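Peer 1: Just one file: structure_2.cif, with mmCIF, N, CA and C atoms and all ligand atoms.
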data_structure
loop_
_atom_site.label_atom_id
_atom_site.label_comp_id
_atom_site.auth_asym_id
_atom_site.auth_seq_id
_atom_site.Cartn_x
_atom_site.Cartn_y
_atom_site.Cartn_z
N MET V 1 -73.87 14.46 -49.65
CA MET V 1 -72.54 14.93 -49.30
C MET V 1 -71.61 13.73 -49.18
N CYS V 2 -70.48 13.84 -49.87
CA CYS V 2 -69.53 12.72 -49.91
C CYS V 2 -68.21 13.16 -49.30
N ALA V 3 -67.82 12.49 -48.26
CA ALA V 3 -66.56 12.81 -47.60
C ALA V 3 -65.40 12.17 -48.35
N GLU V 4 -64.28 12.92 -48.40
CA GLU V 4 -63.08 12.37 -49.01
C GLU V 4 -62.54 11.26 -48.12
N PRO V 5 -62.16 10.15 -48.71
CA PRO V 5 -61.57 9.08 -47.87
C PRO V 5 -60.18 9.49 -47.41
N PHE V 6 -59.80 9.00 -46.24
CA PHE V 6 -58.46 9.27 -45.73
C PHE V 6 -57.46 8.49 -46.59
N PRO V 7 -56.27 9.06 -46.79
CA PRO V 7 -55.25 8.30 -47.52
C PRO V 7 -54.84 7.09 -46.69
N PRO V 8 -54.39 6.04 -47.36
CA PRO V 8 -54.00 4.85 -46.59
C PRO V 8 -52.78 5.14 -45.73
N ASP V 9 -52.71 4.47 -44.59
CA ASP V 9 -51.53 4.61 -43.72
C ASP V 9 -50.31 4.04 -44.42
N PRO V 10 -49.15 4.66 -44.20
CA PRO V 10 -47.93 4.08 -44.78
C PRO V 10 -47.64 2.75 -44.11
N PRO V 11 -46.90 1.88 -44.80
CA PRO V 11 -46.61 0.58 -44.18
C PRO V 11 -45.79 0.77 -42.90
N ARG V 12 -46.13 -0.03 -41.90
CA ARG V 12 -45.44 0.09 -40.61
C ARG V 12 -44.09 -0.60 -40.63
N HIS V 13 -43.93 -1.58 -41.48
CA HIS V 13 -42.67 -2.31 -41.55
C HIS V 13 -42.10 -2.17 -42.95
N PRO V 14 -40.77 -2.00 -43.09
CA PRO V 14 -40.18 -1.87 -44.42
C PRO V 14 -40.27 -3.19 -45.18
N ALA V 15 -40.32 -3.08 -46.49
CA ALA V 15 -40.35 -4.27 -47.33
C ALA V 15 -39.02 -5.01 -47.19
N PRO V 16 -39.04 -6.33 -47.36
CA PRO V 16 -37.78 -7.07 -47.30
C PRO V 16 -36.79 -6.52 -48.34
N GLY V 17 -35.55 -6.42 -47.94
CA GLY V 17 -34.53 -5.91 -48.84
C GLY V 17 -34.33 -4.42 -48.75
N THR V 18 -35.12 -3.75 -47.90
CA THR V 18 -34.95 -2.31 -47.72
C THR V 18 -33.62 -2.04 -47.04
N PRO V 19 -32.79 -1.11 -47.59
CA PRO V 19 -31.49 -0.86 -46.98
C PRO V 19 -31.59 -0.44 -45.52
N VAL V 20 -30.55 -0.76 -44.75
CA VAL V 20 -30.52 -0.45 -43.32
C VAL V 20 -30.71 1.04 -43.08
N THR V 21 -30.03 1.85 -43.89
CA THR V 21 -30.11 3.29 -43.66
C THR V 21 -31.53 3.81 -43.86
N THR V 22 -32.26 3.19 -44.78
CA THR V 22 -33.65 3.58 -44.99
C THR V 22 -34.50 3.13 -43.83
N ARG V 23 -34.23 1.91 -43.33
CA ARG V 23 -35.01 1.41 -42.21
C ARG V 23 -34.79 2.24 -40.97
N LEU V 24 -33.59 2.86 -40.86
CA LEU V 24 -33.28 3.63 -39.67
C LEU V 24 -33.74 5.07 -39.77
N THR V 25 -34.33 5.43 -40.88
CA THR V 25 -34.78 6.79 -41.09
C THR V 25 -36.27 6.89 -40.79
N ILE V 26 -36.63 7.82 -39.96
CA ILE V 26 -38.03 8.03 -39.63
C ILE V 26 -38.53 9.22 -40.42
N SER V 27 -39.59 9.05 -41.16
CA SER V 27 -40.16 10.16 -41.90
C SER V 27 -41.37 10.67 -41.16
N ARG V 28 -41.42 11.95 -40.96
CA ARG V 28 -42.59 12.57 -40.35
C ARG V 28 -43.39 13.20 -41.46
N LYS V 29 -44.50 13.84 -41.11
CA LYS V 29 -45.35 14.45 -42.14
C LYS V 29 -44.57 15.43 -42.99
N SER V 30 -43.63 16.12 -42.40
CA SER V 30 -42.83 17.09 -43.16
C SER V 30 -41.66 16.44 -43.89
N LEU V 31 -41.56 15.14 -43.84
CA LEU V 31 -40.47 14.37 -44.43
C LEU V 31 -39.12 14.79 -43.85
N GLN V 32 -39.13 15.23 -42.61
CA GLN V 32 -37.90 15.59 -41.94
C GLN V 32 -37.15 14.31 -41.58
N ILE V 33 -35.88 14.28 -41.89
CA ILE V 33 -35.07 13.11 -41.59
C ILE V 33 -34.48 13.27 -40.20
N ILE V 34 -34.68 12.28 -39.38
CA ILE V 34 -34.17 12.30 -38.02
C ILE V 34 -32.98 11.35 -37.94
N LEU V 35 -31.89 11.84 -37.41
CA LEU V 35 -30.71 11.01 -37.27
C LEU V 35 -30.93 10.05 -36.12
N MET V 36 -30.65 8.80 -36.36
CA MET V 36 -30.82 7.78 -35.34
C MET V 36 -29.47 7.48 -34.69
N ILE V 37 -29.50 7.26 -33.41
CA ILE V 37 -28.29 6.85 -32.71
C ILE V 37 -28.00 5.40 -33.07
N ILE V 38 -26.81 5.15 -33.57
CA ILE V 38 -26.39 3.79 -33.88
C ILE V 38 -25.66 3.18 -32.68
N CYS V 39 -24.75 3.95 -32.12
CA CYS V 39 -23.97 3.48 -30.97
C CYS V 39 -24.37 4.29 -29.75
N VAL V 40 -25.09 3.64 -28.88
CA VAL V 40 -25.57 4.32 -27.67
C VAL V 40 -24.40 4.61 -26.74
N CYS V 41 -23.45 3.69 -26.67
CA CYS V 41 -22.32 3.87 -25.75
C CYS V 41 -21.49 5.10 -26.10
N ARG V 42 -21.26 5.32 -27.40
CA ARG V 42 -20.36 6.40 -27.81
C ARG V 42 -21.08 7.55 -28.50
N GLY V 43 -22.38 7.46 -28.65
CA GLY V 43 -23.15 8.55 -29.23
C GLY V 43 -22.93 8.75 -30.72
N LEU V 44 -22.69 7.66 -31.46
CA LEU V 44 -22.53 7.79 -32.91
C LEU V 44 -23.89 7.64 -33.57
N ASN V 45 -24.25 8.65 -34.38
CA ASN V 45 -25.53 8.57 -35.09
C ASN V 45 -25.29 8.16 -36.54
N THR V 46 -26.36 8.06 -37.31
CA THR V 46 -26.24 7.60 -38.70
C THR V 46 -25.32 8.50 -39.50
N SER V 47 -25.36 9.80 -39.25
CA SER V 47 -24.51 10.73 -39.98
C SER V 47 -23.04 10.48 -39.70
N LYS V 48 -22.71 10.27 -38.44
CA LYS V 48 -21.31 10.05 -38.07
C LYS V 48 -20.80 8.72 -38.64
N VAL V 49 -21.64 7.69 -38.60
CA VAL V 49 -21.21 6.40 -39.14
C VAL V 49 -21.06 6.51 -40.66
N THR V 50 -21.98 7.18 -41.31
CA THR V 50 -21.89 7.36 -42.76
C THR V 50 -20.65 8.15 -43.14
N ASP V 51 -20.32 9.19 -42.36
CA ASP V 51 -19.11 9.97 -42.62
C ASP V 51 -17.87 9.09 -42.54
N ALA V 52 -17.81 8.26 -41.50
CA ALA V 52 -16.64 7.39 -41.33
C ALA V 52 -16.53 6.40 -42.48
N ILE V 53 -17.65 5.84 -42.91
CA ILE V 53 -17.63 4.89 -44.02
C ILE V 53 -17.19 5.59 -45.30
N ALA V 54 -17.69 6.80 -45.51
CA ALA V 54 -17.30 7.57 -46.70
C ALA V 54 -15.82 7.90 -46.68
N ALA V 55 -15.25 8.01 -45.47
CA ALA V 55 -13.82 8.30 -45.34
C ALA V 55 -12.98 7.04 -45.45
N GLY V 56 -13.62 5.88 -45.63
CA GLY V 56 -12.86 4.65 -45.87
C GLY V 56 -12.92 3.63 -44.75
N ALA V 57 -13.65 3.88 -43.70
CA ALA V 57 -13.75 2.90 -42.62
C ALA V 57 -14.51 1.67 -43.12
N ARG V 58 -13.93 0.49 -42.91
CA ARG V 58 -14.56 -0.73 -43.39
C ARG V 58 -14.75 -1.77 -42.29
N SER V 59 -14.78 -1.32 -41.06
CA SER V 59 -15.08 -2.20 -39.92
C SER V 59 -15.63 -1.33 -38.80
N PRO V 60 -16.38 -1.94 -37.89
CA PRO V 60 -16.87 -1.15 -36.74
C PRO V 60 -15.73 -0.50 -35.97
N ARG V 61 -14.61 -1.22 -35.83
CA ARG V 61 -13.46 -0.67 -35.12
C ARG V 61 -12.95 0.58 -35.84
N ALA V 62 -12.90 0.53 -37.18
CA ALA V 62 -12.42 1.67 -37.97
C ALA V 62 -13.40 2.84 -37.88
N VAL V 63 -14.70 2.53 -37.83
CA VAL V 63 -15.70 3.60 -37.69
C VAL V 63 -15.50 4.31 -36.35
N HIS V 64 -15.31 3.53 -35.30
CA HIS V 64 -15.07 4.13 -33.98
C HIS V 64 -13.76 4.91 -33.98
N ALA V 65 -12.73 4.34 -34.58
CA ALA V 65 -11.43 5.02 -34.59
C ALA V 65 -11.52 6.34 -35.34
N HIS V 66 -12.34 6.39 -36.38
CA HIS V 66 -12.51 7.64 -37.14
C HIS V 66 -13.00 8.75 -36.23
N HIS V 67 -13.78 8.41 -35.23
CA HIS V 67 -14.32 9.41 -34.31
C HIS V 67 -13.61 9.38 -32.95
N ASP V 68 -12.40 8.79 -32.92
CA ASP V 68 -11.59 8.73 -31.70
C ASP V 68 -12.34 8.09 -30.54
N THR V 69 -13.08 7.03 -30.85
CA THR V 69 -13.75 6.27 -29.80
C THR V 69 -13.37 4.81 -29.96
N THR V 70 -13.82 3.99 -29.04
CA THR V 70 -13.58 2.54 -29.13
C THR V 70 -14.90 1.81 -28.93
N ILE V 71 -14.94 0.57 -29.36
CA ILE V 71 -16.13 -0.26 -29.17
C ILE V 71 -16.24 -0.59 -27.68
N ASN V 72 -17.43 -0.42 -27.13
CA ASN V 72 -17.63 -0.75 -25.72
C ASN V 72 -18.41 -2.05 -25.59
N CYS V 73 -19.71 -2.02 -25.81
CA CYS V 73 -20.53 -3.22 -25.63
C CYS V 73 -20.62 -4.04 -26.92
N GLY V 74 -20.46 -3.39 -28.06
CA GLY V 74 -20.48 -4.09 -29.35
C GLY V 74 -21.85 -4.25 -29.97
N LYS V 75 -22.89 -3.75 -29.32
CA LYS V 75 -24.23 -3.94 -29.87
C LYS V 75 -24.46 -3.17 -31.16
N CYS V 76 -23.65 -2.16 -31.42
CA CYS V 76 -23.79 -1.38 -32.64
C CYS V 76 -23.10 -2.04 -33.83
N CYS V 77 -22.25 -3.02 -33.58
CA CYS V 77 -21.41 -3.58 -34.65
C CYS V 77 -22.24 -4.18 -35.78
N GLU V 78 -23.32 -4.86 -35.46
CA GLU V 78 -24.13 -5.47 -36.51
C GLU V 78 -24.72 -4.41 -37.44
N THR V 79 -25.23 -3.34 -36.87
CA THR V 79 -25.79 -2.26 -37.70
C THR V 79 -24.71 -1.58 -38.51
N VAL V 80 -23.55 -1.33 -37.89
CA VAL V 80 -22.45 -0.68 -38.62
C VAL V 80 -21.99 -1.59 -39.75
N CYS V 81 -21.87 -2.88 -39.49
CA CYS V 81 -21.47 -3.83 -40.55
C CYS V 81 -22.49 -3.81 -41.68
N GLY V 82 -23.76 -3.73 -41.36
CA GLY V 82 -24.79 -3.67 -42.40
C GLY V 82 -24.64 -2.42 -43.25
N MET V 83 -24.35 -1.30 -42.62
CA MET V 83 -24.16 -0.05 -43.37
C MET V 83 -22.91 -0.15 -44.24
N ILE V 84 -21.86 -0.78 -43.74
CA ILE V 84 -20.64 -0.96 -44.53
C ILE V 84 -20.93 -1.87 -45.73
N ARG V 85 -21.65 -2.96 -45.49
CA ARG V 85 -21.98 -3.88 -46.59
C ARG V 85 -22.78 -3.17 -47.67
N GLU V 86 -23.75 -2.37 -47.29
CA GLU V 86 -24.55 -1.64 -48.27
C GLU V 86 -23.69 -0.68 -49.08
N THR V 87 -22.75 -0.03 -48.42
CA THR V 87 -21.85 0.88 -49.13
C THR V 87 -21.00 0.10 -50.12
N GLN V 88 -20.48 -1.05 -49.68
CA GLN V 88 -19.64 -1.85 -50.57
C GLN V 88 -20.45 -2.38 -51.75
N CYS V 89 -21.68 -2.78 -51.52
CA CYS V 89 -22.52 -3.26 -52.62
C CYS V 89 -22.79 -2.13 -53.60
N ALA V 90 -23.06 -0.95 -53.09
CA ALA V 90 -23.32 0.19 -53.98
C ALA V 90 -22.07 0.53 -54.79
N GLU V 91 -20.89 0.46 -54.13
CA GLU V 91 -19.64 0.72 -54.85
C GLU V 91 -19.41 -0.33 -55.93
N ALA V 92 -19.69 -1.59 -55.61
CA ALA V 92 -19.50 -2.66 -56.60
C ALA V 92 -20.45 -2.49 -57.78
N GLU V 93 -21.68 -2.09 -57.49
CA GLU V 93 -22.64 -1.87 -58.57
C GLU V 93 -22.20 -0.72 -59.46
N ARG V 94 -21.71 0.36 -58.85
CA ARG V 94 -21.22 1.50 -59.64
C ARG V 94 -20.02 1.08 -60.50
N ALA V 95 -19.12 0.27 -59.92
CA ALA V 95 -17.93 -0.16 -60.66
C ALA V 95 -18.33 -1.06 -61.81
N SER V 96 -19.26 -1.97 -61.59
CA SER V 96 -19.66 -2.86 -62.68
C SER V 96 -20.42 -2.09 -63.76
N ALA V 97 -21.16 -1.06 -63.36
CA ALA V 97 -21.85 -0.24 -64.35
C ALA V 97 -20.85 0.52 -65.21
N LEU V 98 -19.76 0.99 -64.57
CA LEU V 98 -18.71 1.69 -65.33
C LEU V 98 -18.03 0.75 -66.30
N VAL V 99 -17.75 -0.48 -65.85
CA VAL V 99 -17.09 -1.46 -66.71
C VAL V 99 -18.01 -1.80 -67.88
N ALA V 100 -19.29 -1.97 -67.58
CA ALA V 100 -20.25 -2.31 -68.63
C ALA V 100 -20.39 -1.17 -69.64
N ALA V 101 -20.24 0.06 -69.16
CA ALA V 101 -20.39 1.21 -70.05
C ALA V 101 -19.19 1.39 -70.98
N GLU V 102 -18.03 0.82 -70.55
CA GLU V 102 -16.82 0.99 -71.36
C GLU V 102 -16.77 0.02 -72.54
S1 LIG T 1 -23.57 0.48 -28.72
FE1 LIG T 1 -21.69 0.78 -29.72
S2 LIG T 1 -20.25 0.08 -28.28
FE2 LIG T 1 -22.12 -0.11 -27.24
#
Represent the structure from my file as structure tokens, please.
Peer 2:
Amino acid sequence: MCAEPFPPDPPRHPAPGTPVTTRLTISRKSLQIILMIICVCRGLNTSKVTDAIAAGARSPRAVHAHHDTTINCGKCCETVCGMIRETQCAEAERASALVAAE
């Protein structure tokens, strides 16, 4: 009798270069995406920050202003800046791909 081996555990740490939004997403067995709180002081989660960035916010202050809040302790600013940078990089890549296609 031969038992099936267990599948390997997923990596506990993301590979270098993994986008912030991916690192902040927890996958469970059902692959349910859980929204992470980015700003503890004002209760902004990944969805709210992403919405603000999609609406044109390009600074932590603008992200907070989009939701009628203000920066309190500032500990969320680094994460928000990372999410903004990733959005800008993705936009730049899309723009250069369009230029290259023309
Ligand atoms: S965590 Fe965002 S202001 Fe404190």
Peer 1: Could you jot down the atom N of V:Ala95 to atom CA of V:Gly56 separation for me, Å, one decimal place?
Peer 2: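 About the pair atom N of V:Ala95 and atom CA of V:Gly56: they are 16.0 Å apart.
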Peer 1: One decimal, Å: what's the distance from atom CA of V:Pro19 over to atom CA of V:Val49, could you say?
Peer 2: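 Computing the Euclidean distance for atom CA of V:Pro19 and atom CA of V:Val49 yields 14.8 Å.
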Peer 1: Taking only residues of chain V that have an atom at most 10 Å from an atom of ligand LIG 1 (chain T), what is each one's shortest atom pair and its distance in Å to one decimal, using only C-alpha atoms and all ligand atoms, in chain and number order, as a tab-separated table?
Peer 2:
residue	atom	partner	partner_atom	distance
V:Ile37	CA	T:LIG1	S1	8.9
V:Ile38	CA	T:LIG1	S1	6.7
V:Cys39	CA	T:LIG1	FE1	3.7
V:Val40	CA	T:LIG1	S1	4.5
V:Cys41	CA	T:LIG1	FE2	4.3
V:Arg42	CA	T:LIG1	FE1	6.1
V:Gly43	CA	T:LIG1	FE1	7.9
V:Leu44	CA	T:LIG1	FE1	7.7
V:Pro60	CA	T:LIG1	FE1	8.7
V:Arg61	CA	T:LIG1	S2	9.7
V:His64	CA	T:LIG1	FE1	8.6
V:Thr69	CA	T:LIG1	S2	9.1
V:Thr70	CA	T:LIG1	S2	7.2
V:Ile71	CA	T:LIG1	S2	4.2
V:Asn72	CA	T:LIG1	S2	3.8
V:Cys73	CA	T:LIG1	FE2	3.8
V:Gly74	CA	T:LIG1	S2	4.3
V:Lys75	CA	T:LIG1	S1	4.6
V:Cys76	CA	T:LIG1	FE1	4.2
V:Cys77	CA	T:LIG1	FE1	6.6
V:Glu78	CA	T:LIG1	FE1	9.5
V:Thr79	CA	T:LIG1	FE1	9.5
V:Val80	CA	T:LIG1	FE1	9.1
Peer 1: Taking into account only C-alpha atoms, which residue in the set V:Ala54, V:Ser96, V:Ser59, V:His67 is nearest to V:Cys81?
Peer 2: V:Ser59
Peer 1: To one decimal place, how far is atom CA of V:Ala52 from atom N of V:His13 in Å?
Peer 2: 28.7 Å
Peer 1: DSSP on the backbone: what in stretch 44-89 of chain V comes out alpha helix (DSSP H), as a list in words?
Peer 2: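 Of stretch 44-89 of chain V, the ones in alpha helix (DSSP H) are Thr46, Ser47, Lys48, Val49, Thr50, Asp51, Ala52, Ile53, Ala54, Pro60, Arg61, Ala62, Val63, His64, Ala65, His66, Cys77, Glu78, Thr79, Val80, Cys81, Gly82, Met83, Ile84, Arg85, Glu86, Thr87, Gln88 and Cys89 of chain V.
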